[in-house]
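Asker: Got a structure here, written out as structure tokens. Questions coming.
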Amino acid sequence: EPLFERFFVAPKKVLLWHQSKEPLLALPKLPVPNLKDTLDRYLRCMKHLLTEEQFNKTQNIVMQFGAPGGVGELLQSKLTERSENVANWVYDYWLNDMYLNNRLALPVNSSPAMVFPQQNFMAPIDSLRFAAHLISGALEYKTHLDDRDLPVDYARGQLAGTRLCMEQYYRLFTSYRLPGPERDTLVAQESSVMPEPEHIIVACKNQFFVLDVMINFRQLNQRDLLTQLEKIVKMADNEEEQLPPIGLLTSDGRTEWAESRSVLMRESTNRDSLDMIERCLCLVCLDDASGPELSDTKRAMLMLHGGGLTKNGGNRWYDKPMQFIVGADGCCGVVCEHSAFEGIVLVQCTEYLLKCMIGSPSKLVRAASVSELPAPRRLRWKCTPEIHKLITSAADKLQRMVKNLDINVHKFHDYGKGFIKKQKMSPDAYIQLALQLGFYRCHGRPVSTYESASLRRFQQGRVDNIRSATPEAFAFVKAMTERKNKMMELLKGAITAQTSYTRLAITGMAIDNHLLGLREIAHEMKMGKLEMFKDEAYLISNQFILSTSQVPTTVEMFCCYGPVVPNGYGACYNPQSDHIIFSVSSFHESEQTCSAEFVKCLVQGLRDVRDLCNKCNADLPCANTSAQKTKYPFIKSSSYCSVLLILGLTLCLCT
Ligand code: COA
């Protein structure tokens, strides 16, 4: 099937909950790190990011905070008490701090996207077939979730083998982020004894349609779904029935959207429509074609913001965690509201759907349904002039965001994690160092860096931060830039430091969640804002100019997201055995950043570190270098090996 030929299916060992040989004991609780350890690590992480004067001031503040019998010890004891009474002491603090308190608009600032391989839709019906297949896969996946028979995840990579918390999966299709004037709420649908028939919302030409997936006690099959999608497209084309692009309101700042939502709620028609959207399983956005050139970079942009009002920007509902996007031009993917789950869970679910497609090409729907099905229902909106004004304002802001996003998707083909493993180094630590090197070469200074580290080894585990701008990384990038000696020693030291921090973070011993917990306990105890958290160094430590994340996939696709500060970069990477996909984002409005320039420095950094490894580990197998390629362009490695083999055999026979 040309549509799906580009997906690669890897055989996967599946272990179900009920098949697990291990007794399914509760996962351990997230530990509370030792206070002194966190404070020492905090100072160590910050020293090279501050001026001497700033650091001396911070050191005094930290010493006072951590003094015996001081405020730090009091907060620590309260935090320990809290950890005994709840499943995960940081969960609520973290969720509010990371997402629900954040007032920025969701597109680009918060919601990541997975970009699928470009599809080759020959006719309009092909995109609907693709959508029908996606929906049917999602329904199958939801059945696994309902039956609680989803395969258990086990940790891979560092400290492999431990069982992981599965909770995030159960929020994929059942949660909703409700905007609030000061803080949003992550709503989870309660399962009831008599659940209502499920539906999804299909967005098409900025209109929203209810697609019931259960009719007359029967779940729709792919043919039925295709028939219903065709009806939706026809209904959406009817210009007389067109309603304003209400979805744009969800792309606004969270406080603004909360206000617009309360205006909408004054009308019962709007209340009913909102209720249908808030209770749906997911959205499927049937997008119009977006223009001729569809590079990876362009597709990433379209996934993140839909291209604004003139394209598909209004064909979205950003509060819903799962929005599958199926573009008429083959630009497809999924954009997610992030507060409910992490990218890794999203990848697992998406890969299941995509593998379903290639796994069963014969099942691909060809013809429409034979059964008579009631037509899907268009959601109605009563729009006052006030609402029209709010939509226009949201559209303007989205347009500014579209113009502002500077994204660059780069497939680095020189080598991948296979080469790095041969150097006996952690690929993740190595890539993080390359990012540090790239940034330093671009900007001449180290900055506070965030790398997400999974905490799913613990109950309700989400993530903590690996502070990749370690002092050892700084020493290495400086030496590389200034072409000093002993670079290999410094590289090894930096890799060791990064790997150790990773291990600390994934075992719950990193500093960010701990400091957040202490801060929030102080807030709950109405202690006012403590010096420790008012200090400039603490603010700098939380300005993540580099916000990075590894999102690996086994299917050909990649993840992307925006920067978290106006003058920063979002850098997502997907390491494969022989290549690495980077998606680097920043804002054009910042004069300090440029994604293309950063990618250039990053690529140069990756090449330089490889050359350094090759030079120092001449006895280990080398990755191709440009020098090798140009010196012997006529020698293909396979024929070269064959010649060596024949020579060896001849010698053996002769002797
Ligand atoms: N020599 C040889 N091989 C090594 C090695 C070494 N010194 N160190 C590690 N490796 C191997 C590992 O065994 C692993 O092998 P595998 O591919 O067969 O599994 C591979 O290299 C990758 O390991 P590594 O690069 O060290 O990283 P990791 O897979 O342990 O990942 C994190 C590290 C921090 C990314 C991971 O623990 C994590 O937390 N991921 C979640 C990130 C996340 O949440 N992202 C989404 C945010 S929305």
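By order of appearance in the structure tokens: chains A, B, ..., then residues from 1 within every chain, and ligands from 1 in the order shown.
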Check every protein, DNA and RNA residue against ligand 1, keep those with an atom at most 8 Å away (counting only C-alpha atoms and all ligand atoms), and present them as a VMD selection string.
Answerer: chain A and resid 112 155 to 160 338 341 to 344 417 420 to 430 451 to 455 462 to 463 466 499 502 to 503 505 to 506 549 to 551
Asker: Keeping N, CA and C atoms, export the residues of the selection given above as a CSV table (one decimal), in the first residue's frame.
Answerer:
chain,number,residue,atom,x,y,z
A,112,PRO,N,3.2,19.7,22.5
A,112,PRO,CA,4.1,19.2,21.5
A,112,PRO,C,3.4,18.5,20.4
A,155,ALA,N,11.6,-0.1,31.9
A,155,ALA,CA,12.7,0.9,31.6
A,155,ALA,C,13.7,0.3,30.7
A,156,ARG,N,14.1,1.1,29.7
A,156,ARG,CA,15.3,0.7,28.9
A,156,ARG,C,16.4,1.7,29.1
A,157,GLY,N,17.5,1.5,28.5
A,157,GLY,CA,18.7,2.4,28.6
A,157,GLY,C,19.2,2.3,30.0
A,158,GLN,N,19.5,3.5,30.6
A,158,GLN,CA,20.1,3.6,32.0
A,158,GLN,C,19.2,2.8,33.0
A,159,LEU,N,19.8,2.0,33.8
A,159,LEU,CA,19.0,1.3,34.9
A,159,LEU,C,17.8,0.6,34.3
A,160,ALA,N,18.1,-0.2,33.2
A,160,ALA,CA,17.0,-0.9,32.5
A,160,ALA,C,16.3,-1.9,33.3
A,338,HIS,N,-0.3,18.8,26.9
A,338,HIS,CA,0.8,18.1,27.6
A,338,HIS,C,0.5,17.8,29.0
A,341,PHE,N,0.0,13.8,30.1
A,341,PHE,CA,1.0,12.8,29.9
A,341,PHE,C,2.2,13.3,29.2
A,342,GLU,N,3.3,12.4,29.2
A,342,GLU,CA,4.5,12.8,28.6
A,342,GLU,C,4.6,12.3,27.2
A,343,GLY,N,5.6,12.8,26.5
A,343,GLY,CA,5.8,12.4,25.1
A,343,GLY,C,6.0,10.9,24.9
A,344,ILE,N,6.6,10.3,25.8
A,344,ILE,CA,7.0,8.8,25.7
A,344,ILE,C,5.7,8.0,25.6
A,417,LYS,N,23.2,6.6,17.1
A,417,LYS,CA,23.7,6.1,18.5
A,417,LYS,C,24.5,4.8,18.4
A,420,ILE,N,28.0,6.0,18.8
A,420,ILE,CA,28.3,6.5,20.1
A,420,ILE,C,28.4,5.3,21.1
A,421,LYS,N,27.6,4.3,20.9
A,421,LYS,CA,27.7,3.1,21.8
A,421,LYS,C,29.0,2.4,21.6
A,422,LYS,N,29.5,2.4,20.4
A,422,LYS,CA,30.8,1.8,20.1
A,422,LYS,C,31.9,2.6,20.8
A,423,GLN,N,31.7,3.8,21.1
A,423,GLN,CA,32.7,4.6,21.9
A,423,GLN,C,32.5,4.3,23.4
A,424,LYS,N,31.6,3.4,23.7
A,424,LYS,CA,31.3,3.1,25.1
A,424,LYS,C,30.8,4.3,25.9
A,425,MET,N,30.0,5.1,25.2
A,425,MET,CA,29.4,6.3,25.9
A,425,MET,C,27.9,6.2,25.8
A,426,SER,N,27.2,6.8,26.7
A,426,SER,CA,25.8,6.9,26.7
A,426,SER,C,25.4,7.8,25.5
A,427,PRO,N,24.6,7.4,24.6
A,427,PRO,CA,24.2,8.2,23.5
A,427,PRO,C,23.5,9.5,23.9
A,428,ASP,N,22.6,9.3,25.0
A,428,ASP,CA,21.9,10.5,25.4
A,428,ASP,C,22.9,11.6,26.0
A,429,ALA,N,23.8,11.1,26.8
A,429,ALA,CA,24.8,12.0,27.4
A,429,ALA,C,25.6,12.7,26.3
A,430,TYR,N,26.0,11.9,25.3
A,430,TYR,CA,26.8,12.5,24.2
A,430,TYR,C,26.0,13.5,23.4
A,451,GLU,N,16.7,19.0,30.8
A,451,GLU,CA,16.4,17.8,30.0
A,451,GLU,C,15.5,16.9,30.8
A,452,SER,N,14.4,16.5,30.1
A,452,SER,CA,13.4,15.7,30.9
A,452,SER,C,13.9,14.3,31.2
A,453,ALA,N,13.7,14.0,32.5
A,453,ALA,CA,14.1,12.6,32.9
A,453,ALA,C,12.8,12.0,33.5
A,454,SER,N,12.6,10.8,33.0
A,454,SER,CA,11.3,10.1,33.4
A,454,SER,C,11.4,9.7,34.9
A,455,LEU,N,10.3,9.9,35.6
A,455,LEU,CA,10.2,9.4,37.0
A,455,LEU,C,9.2,8.2,37.1
A,462,ARG,N,6.1,11.5,37.0
A,462,ARG,CA,6.1,12.3,35.7
A,462,ARG,C,7.6,12.5,35.4
A,463,VAL,N,8.1,13.7,35.5
A,463,VAL,CA,9.5,13.9,35.1
A,463,VAL,C,10.2,14.8,36.1
A,466,ILE,N,17.2,16.9,34.3
A,466,ILE,CA,18.6,16.7,34.3
A,466,ILE,C,19.2,18.0,33.9
A,499,THR,N,26.0,11.4,32.8
A,499,THR,CA,25.4,10.0,33.0
A,499,THR,C,25.0,9.9,34.5
A,502,THR,N,22.0,11.9,35.2
A,502,THR,CA,20.8,11.2,34.6
A,502,THR,C,20.3,10.1,35.6
A,503,ARG,N,21.3,9.4,36.2
A,503,ARG,CA,20.9,8.3,37.1
A,503,ARG,C,20.3,8.9,38.4
A,505,ALA,N,18.6,11.6,38.5
A,505,ALA,CA,17.3,12.2,38.2
A,505,ALA,C,16.3,11.0,38.1
A,506,ILE,N,16.6,10.0,37.4
A,506,ILE,CA,15.6,8.9,37.2
A,506,ILE,C,15.4,8.1,38.4
A,549,SER,N,14.8,17.5,25.1
A,549,SER,CA,14.1,16.3,25.5
A,549,SER,C,14.4,15.2,24.4
A,550,GLN,N,14.7,14.0,24.9
A,550,GLN,CA,14.8,12.9,24.0
A,550,GLN,C,13.4,12.2,23.8
A,551,VAL,N,13.0,12.1,22.6
A,551,VAL,CA,11.7,11.4,22.3
A,551,VAL,C,12.1,10.4,21.1
Asker: Env of A:Arg610: 12 Å cut, atoms = only C-alpha atoms, seq-sep filter 4 positions within chain, self excluded. Answer as an NGL selection string.
Answerer: :A and (414-417 or 419-423 or 425 or 430-431 or 433-434 or 488 or 491 or 603-606 or 614-618 or 621-626)
Asker: Find the residue from A:Glu351, A:Glu386, A:Glu337, A:Glu536 that sits nearest to A:Met46; use only C-alpha atoms when measuring.
Answerer: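 Once distances to A:Met46 are computed over only C-alpha atoms, the minimum belongs to A:Glu536.
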Asker: Name all residues at most 7 Å from stretch 581-585 of chain A (count only C-alpha atoms; drop same-chain ones fewer than 2 positions away) and give them as a short mmCIF file (atom, residue, chain, number, x, y, z; two decimals) with N, CA, C and O atoms, in the first residue's frame.
Answerer:
data_model
loop_
_atom_site.label_atom_id
_atom_site.label_comp_id
_atom_site.auth_asym_id
_atom_site.auth_seq_id
_atom_site.Cartn_x
_atom_site.Cartn_y
_atom_site.Cartn_z
N ASP A 406 10.31 30.11 14.84
CA ASP A 406 11.47 29.84 13.98
C ASP A 406 11.87 28.39 14.27
O ASP A 406 12.47 28.11 15.30
N ILE A 407 11.51 27.49 13.39
CA ILE A 407 11.80 26.07 13.67
C ILE A 407 12.67 25.49 12.56
O ILE A 407 12.57 25.92 11.40
N ASN A 408 13.51 24.56 12.95
CA ASN A 408 14.40 23.94 11.98
C ASN A 408 14.51 22.45 12.30
O ASN A 408 14.99 22.09 13.37
N VAL A 409 14.01 21.61 11.41
CA VAL A 409 14.10 20.16 11.63
C VAL A 409 15.27 19.65 10.81
O VAL A 409 15.34 19.90 9.60
N HIS A 410 16.19 18.97 11.49
CA HIS A 410 17.40 18.53 10.79
C HIS A 410 17.64 17.04 11.02
O HIS A 410 17.71 16.59 12.16
N LYS A 411 17.76 16.30 9.92
CA LYS A 411 18.11 14.88 10.04
C LYS A 411 19.62 14.79 9.90
O LYS A 411 20.16 15.03 8.82
N PHE A 412 20.27 14.46 11.00
CA PHE A 412 21.74 14.36 11.00
C PHE A 412 22.10 12.94 10.59
O PHE A 412 21.84 11.99 11.33
N CYS A 560 8.20 17.48 18.02
CA CYS A 560 8.70 18.86 18.05
C CYS A 560 7.89 19.67 19.05
O CYS A 560 6.77 19.31 19.38
N GLY A 562 7.92 23.97 21.09
CA GLY A 562 8.48 25.32 21.07
C GLY A 562 9.41 25.58 22.25
O GLY A 562 9.51 24.75 23.16
N PRO A 563 10.07 26.76 22.24
CA PRO A 563 10.92 27.12 23.37
C PRO A 563 10.06 27.44 24.59
O PRO A 563 8.87 27.74 24.44
N TYR A 569 15.70 28.17 23.23
CA TYR A 569 15.51 27.15 22.21
C TYR A 569 14.76 25.96 22.80
O TYR A 569 14.99 25.58 23.95
N GLY A 570 13.91 25.35 22.00
CA GLY A 570 13.37 24.03 22.31
C GLY A 570 14.14 23.07 21.42
O GLY A 570 14.26 23.31 20.21
N ALA A 571 14.73 22.04 22.00
CA ALA A 571 15.52 21.11 21.17
C ALA A 571 15.10 19.69 21.49
O ALA A 571 15.39 19.17 22.57
N CYS A 572 14.39 19.09 20.56
CA CYS A 572 13.93 17.72 20.75
C CYS A 572 14.74 16.82 19.81
O CYS A 572 15.04 17.22 18.69
N TYR A 573 15.12 15.64 20.29
CA TYR A 573 15.92 14.78 19.43
C TYR A 573 15.45 13.34 19.51
O TYR A 573 14.92 12.88 20.52
N ASN A 574 15.64 12.67 18.40
CA ASN A 574 15.17 11.29 18.25
C ASN A 574 16.36 10.48 17.73
O ASN A 574 16.63 10.45 16.52
N PRO A 575 17.12 9.84 18.66
CA PRO A 575 18.32 9.13 18.19
C PRO A 575 17.97 7.77 17.58
O PRO A 575 17.24 7.00 18.18
N HIS A 579 21.33 7.54 12.50
CA HIS A 579 21.10 8.98 12.32
C HIS A 579 20.36 9.54 13.53
O HIS A 579 19.87 8.77 14.37
N SER A 595 17.37 29.53 14.93
CA SER A 595 17.38 28.06 14.93
C SER A 595 18.36 27.48 13.90
O SER A 595 19.06 26.52 14.19
#
Asker: Please return, as a PDB file with N, CA and C atoms, in the first residue's frame, all residues of stretch 341-487 of chain A that DSSP assigns to strand (DSSP E) on the basis of the backbone.
Answerer:
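Result went into states-v4.pdb, see below:
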ATOM      1  N   ARG A 377     -23.484  15.009  13.612  1.00  0.00           N
ATOM      2  CA  ARG A 377     -24.165  16.260  13.961  1.00  0.00           C
ATOM      3  C   ARG A 377     -23.155  17.412  14.019  1.00  0.00           C
ATOM      4  N   ARG A 378     -23.533  18.524  13.386  1.00  0.00           N
ATOM      5  CA  ARG A 378     -22.671  19.715  13.461  1.00  0.00           C
ATOM      6  C   ARG A 378     -22.907  20.414  14.803  1.00  0.00           C
ATOM      7  N   LEU A 405       7.360  31.897  15.171  1.00  0.00           N
ATOM      8  CA  LEU A 405       8.021  30.595  15.363  1.00  0.00           C
ATOM      9  C   LEU A 405       9.121  30.363  14.323  1.00  0.00           C
ATOM     10  N   ASP A 406      10.307  30.113  14.838  1.00  0.00           N
ATOM     11  CA  ASP A 406      11.468  29.838  13.982  1.00  0.00           C
ATOM     12  C   ASP A 406      11.872  28.392  14.272  1.00  0.00           C
ATOM     13  N   ILE A 407      11.513  27.486  13.392  1.00  0.00           N
ATOM     14  CA  ILE A 407      11.795  26.070  13.668  1.00  0.00           C
ATOM     15  C   ILE A 407      12.668  25.494  12.561  1.00  0.00           C
ATOM     16  N   ASN A 408      13.507  24.558  12.945  1.00  0.00           N
ATOM     17  CA  ASN A 408      14.401  23.942  11.975  1.00  0.00           C
ATOM     18  C   ASN A 408      14.513  22.450  12.303  1.00  0.00           C
ATOM     19  N   VAL A 409      14.014  21.607  11.411  1.00  0.00           N
ATOM     20  CA  VAL A 409      14.101  20.162  11.631  1.00  0.00           C
ATOM     21  C   VAL A 409      15.274  19.649  10.806  1.00  0.00           C
ATOM     22  N   HIS A 410      16.189  18.970  11.491  1.00  0.00           N
ATOM     23  CA  HIS A 410      17.399  18.526  10.790  1.00  0.00           C
ATOM     24  C   HIS A 410      17.637  17.039  11.016  1.00  0.00           C
ATOM     25  N   LYS A 411      17.756  16.303   9.919  1.00  0.00           N
ATOM     26  CA  LYS A 411      18.112  14.884  10.042  1.00  0.00           C
ATOM     27  C   LYS A 411      19.623  14.793   9.902  1.00  0.00           C
ATOM     28  N   PHE A 412      20.274  14.456  10.999  1.00  0.00           N
ATOM     29  CA  PHE A 412      21.743  14.358  10.996  1.00  0.00           C
ATOM     30  C   PHE A 412      22.103  12.938  10.588  1.00  0.00           C
ATOM     31  N   THR A 449      19.987  24.626  31.567  1.00  0.00           N
ATOM     32  CA  THR A 449      19.446  23.690  30.577  1.00  0.00           C
ATOM     33  C   THR A 449      18.527  22.687  31.250  1.00  0.00           C
ATOM     34  N   TYR A 450      17.457  22.376  30.559  1.00  0.00           N
ATOM     35  CA  TYR A 450      16.488  21.397  31.057  1.00  0.00           C
ATOM     36  C   TYR A 450      16.532  20.168  30.146  1.00  0.00           C
ATOM     37  N   GLU A 451      16.685  19.012  30.763  1.00  0.00           N
ATOM     38  CA  GLU A 451      16.443  17.783  30.002  1.00  0.00           C
ATOM     39  C   GLU A 451      15.451  16.932  30.784  1.00  0.00           C
ATOM     40  N   SER A 452      14.353  16.512  30.147  1.00  0.00           N
ATOM     41  CA  SER A 452      13.363  15.732  30.909  1.00  0.00           C
ATOM     42  C   SER A 452      13.887  14.340  31.201  1.00  0.00           C
ATOM     43  N   ALA A 453      13.706  13.970  32.474  1.00  0.00           N
ATOM     44  CA  ALA A 453      14.095  12.640  32.948  1.00  0.00           C
ATOM     45  C   ALA A 453      12.842  11.974  33.496  1.00  0.00           C
ATOM     46  N   SER A 454      12.565  10.794  33.032  1.00  0.00           N
ATOM     47  CA  SER A 454      11.329  10.128  33.437  1.00  0.00           C
ATOM     48  C   SER A 454      11.389   9.663  34.895  1.00  0.00           C
ATOM     49  N   VAL A 463       8.090  13.724  35.491  1.00  0.00           N
ATOM     50  CA  VAL A 463       9.500  13.936  35.132  1.00  0.00           C
ATOM     51  C   VAL A 463      10.204  14.850  36.138  1.00  0.00           C
ATOM     52  N   ASP A 464      11.524  14.790  36.131  1.00  0.00           N
ATOM     53  CA  ASP A 464      12.330  15.812  36.794  1.00  0.00           C
ATOM     54  C   ASP A 464      13.339  16.289  35.754  1.00  0.00           C
ATOM     55  N   ASN A 465      14.239  17.150  36.189  1.00  0.00           N
ATOM     56  CA  ASN A 465      15.139  17.806  35.257  1.00  0.00           C
ATOM     57  C   ASN A 465      16.577  17.306  35.416  1.00  0.00           C
ATOM     58  N   ILE A 466      17.175  16.948  34.280  1.00  0.00           N
ATOM     59  CA  ILE A 466      18.624  16.700  34.276  1.00  0.00           C
ATOM     60  C   ILE A 466      19.249  18.041  33.881  1.00  0.00           C
TER      61      ILE A 466
END
